[in-house]
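Structure first, commentary second.
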Amino acid sequence: MSFAADYKQLVLTLVAYLNQLRNFSEKFHLEKLIQQTDNAIKRMETDSFSIAVVGEFKRGKSTFINAILGDEILPADVLPTTATLNRVTYGSEPFVKIIFKDDEERDIAIHKLVSFVTKLTPECEAVAATVKEAVIYYPVNYCRQNVEIIDTPGLSDDENMTAVTLSVLEKVETAIMVTSVLAPFGESEGNFLTQKLLTTDLSQIIFVVTGIDHYKRHQDIEKVLKTVKQRIKGFVQDWVEENFAQNSPAYKLYLNKVGSIKIFGLSAYQALSAKIAKNDVLLAQSRFQEFEFALQKIVSQERGKILLQVVVNQVISISTEIRDYLNNTKNKSSYSYQEVENRYAKISNLITNLKNVKNQKNLQIYAAINNIKKQINPLINQLEDRLKQAAEQIIESTETNSSHDINALLQQFATQVDNAVQKVSQSIAKEIQAVIHRELSTALQQVSTLVEIASEVIRTVETHLNQFDENIIVIKTNLGAVSNSLNQALHEFNQEQLGNLSNLFPSSSEIFLLKDEANGLYTIVGGVAGSLFGPVGMAVGAAVGAGLGNSQKVKNFKKNYTSKVILEIEKQLRSHNSNQIVDDYVYATSRRIDKLKNHIDQELTSWIEDTQNTLAKLQGKQQAVVESEQRKINAMLTETQNILNHAWVLSEQLYQTMQQEDKLGTKICPNCNYENAANCKFCIKCGTRLSDR
């Protein structure tokens, strides 16, 4: 890739990507990502470049930065001193701008800095607690062209100060991690590197091991540097393998951030002393010049690539978050839609079950009504026989008295017969009523059960409907009305009284007087009476049976009377039409329960149809909304993934370009194969003279 030729196009492409990602972030109100995209665009527009110096407390960060500046500007001490953020930027005249947490600003002389940014005394610490940051303007060559070097508070010194350091890492392009030969890259430093530094968008990390002046022998220094390098590689490799699939884009990205691991062993103390004393021998001994060469190369030659790499990393980070958010939103939408579908299914199942119950109860109601007819038909068929049997039994069991009045005798028998047949008539009527009431109760129980089940279903459906939007408020208000109507109909039915079944045989003893002389009844009666009731009846009795005994006369009378009664019963049944009376009674009863059933059936059928129709419309509408939303999300996902894929490619190309240029910018010692800076004349490791080429 020709970096110079493609730089402008890359900037335009990245800005376009960031604007598109910002649009997506705005649609979902992702304020954090909106701010990140704005910061990334602003970073390219301002062309600023920041280098953060980080490390645990008392690793010599302040001394290291002072060595870069060439003077004791930042306070340094054997105890943790830095309590605030110190920014070093270019200024032709040295001074410090103190920015307080309440946004007040104050310019002070550099020698007063110690009173505002340290913990050296309780008074200083109290003042430092009110300071947001100190901006140190100094004529340092490295900070020309909008470059700043940031001195951060020591890690693990104070939680608040650690938080300040972490917040800075989001806004820098390169980090210089300072460690010491006396404590060469321990586990806490490894955790900070992998869990904090690598997870930011910064492009590269440079490692500085200070304090090499503690060792006199060159091989001891190289041994420490080798140990630090191995530890760094180990921490990074373990972390990357633990968190990412091998050879995945993320896997490569985090390995690229440490790359071939740029590590410089130096003595910041010697370098600072040498610069102050202008001692070139001591400066060479400090091995600081090799680092300064790399630093100069970064701020003058590589900053453009590094800046692009940082922005590409931000594009990767932002697009990854948006992609994950969109996938999560899509899954939530699918899950929510599935929940809605499940709710629809529950309501549909409830309605289907209610329809089945309704049909089942209707069949049971019809069965109860049919049972009425089946059970009362035998009773109706028995009516005539039981009436005749009752008449015969009462005639046979009725004793004649000593009355001489034929009419009184007939009246006696007529009354007894009438009472007997009426008892039978009423008994059968009660049996028929009992059957009707029993089956009616069975039918009514089915109706009551149906109403109870329907009311429960309606309440359950209403509970599910309440979880939908306001578009189904009409159904929700109808639910209560339907339930109330069902219960009201049942209540009104229970309040109605079913009348008693009319006598199945006419109640009148007159029909059993049977005084038809043409049939010889009087003659028979006279004969009987003549022998039973004395001289007055003898004349009659003599005419009809004077020669018979009393017992035979009574028997003949009852036999003749019985036959006439039987004929009269048959006659009355034909004219009275008892079957019709029972049919009318059954019809009235069936009509009442049928009317109730039909009313409830109509209410439920109407409610079921309305609910099903509305649910079908809502389901269709919901599906259309979800499908539309899914299409939009899928389109954004596709575009976001395309941006992410391109950003991965750009990231890999940029890192490869920088690694190739790093190799071209070094001199390999022919004696020990050490990679020296391009401007070195002698190998730093073994002292062999290097080729000028």
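FYI, nothing fancy with the structure tokens labels: chains A, B, ... in order, residues from 1 per chain, ligands from 1 as they appear.
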Considering only C-alpha atoms, return as a VMD selection string whatever protein or nucleic-acid residues lie within 9 Å of range 209-222 of chain A, sequence-local ones (same chain, fewer than 2 positions apart) excluded. chain A and resid 59 to 61 64 177 to 182 184 to 185 207 224 to 228 263 to 270 285 to 287 685 to 686
Would you kindly return, as a list of chain:residue names, each protein, DNA or RNA residue with an atom no farther than 12 Å from any atom of Ser48 in chain A, considering only C-alpha atoms and excluding same-chain residues fewer than 4 positions away? A:Asn39, A:Ala40, A:Ile41, A:Lys42, A:Arg43, A:Met44, A:Thr89, A:Cys143, A:Arg144, A:Gln145, A:Asn146, A:Val147, A:Glu148, A:Ile149, A:Lys171, A:Val172, A:Glu173, A:Thr174, A:Val299, A:Arg303, A:Gly304, A:Ile306, A:Leu307, A:Leu308, A:Val310
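Of the listed residues A:Leu410, A:Ile380, A:Val312, A:Ile458, the one whose atoms come nearest to Val11 in chain A is A:Val312, with distances taken using only C-alpha atoms.
Going from CA of Ile351 in chain A over to CA of Lys617 in chain A, you cover 16.1 Å.
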Considering only alpha helix (DSSP H) as DSSP defines it on the backbone, what residues of range 72-136 of chain A qualify? List them as an MDAnalysis selection string. chainID A and resid 114:117 122:128
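Between Asn66 in chain A and the residues A:Tyr585, A:Tyr254, A:Tyr17, A:Tyr138, the shortest atom-to-atom distance, using only C-alpha atoms, involves A:Tyr138.
Between CA of Gly620 in chain A and CA of Tyr344 in chain A lies a distance of 11.2 Å.
Atom pair CA of Ile276 in chain A / CA of Leu69 in chain A: separated by 10.2 Å.
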DSSP on the backbone, then: every residue of range 78-324 of chain A marked strand (DSSP E), written as an MDAnalysis selection string. chainID A and resid 85:90 95:100 105:108 131:138 147:151 174:180 204:210 262:266
Give me the residues near Val164 in chain A as an MDAnalysis selection string, where near means some atom within 9 Å (using only C-alpha atoms) and where sequence neighbours in that chain fewer than 6 positions away do not count. chainID A and resid 84:85 152:153
Which of A:Glu105, A:Glu492, A:Glu462, A:Glu189 sits closest to Ile347 in chain A [using only C-alpha atoms]: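 Closest to Ile347 in chain A, using only C-alpha atoms: A:Glu462.
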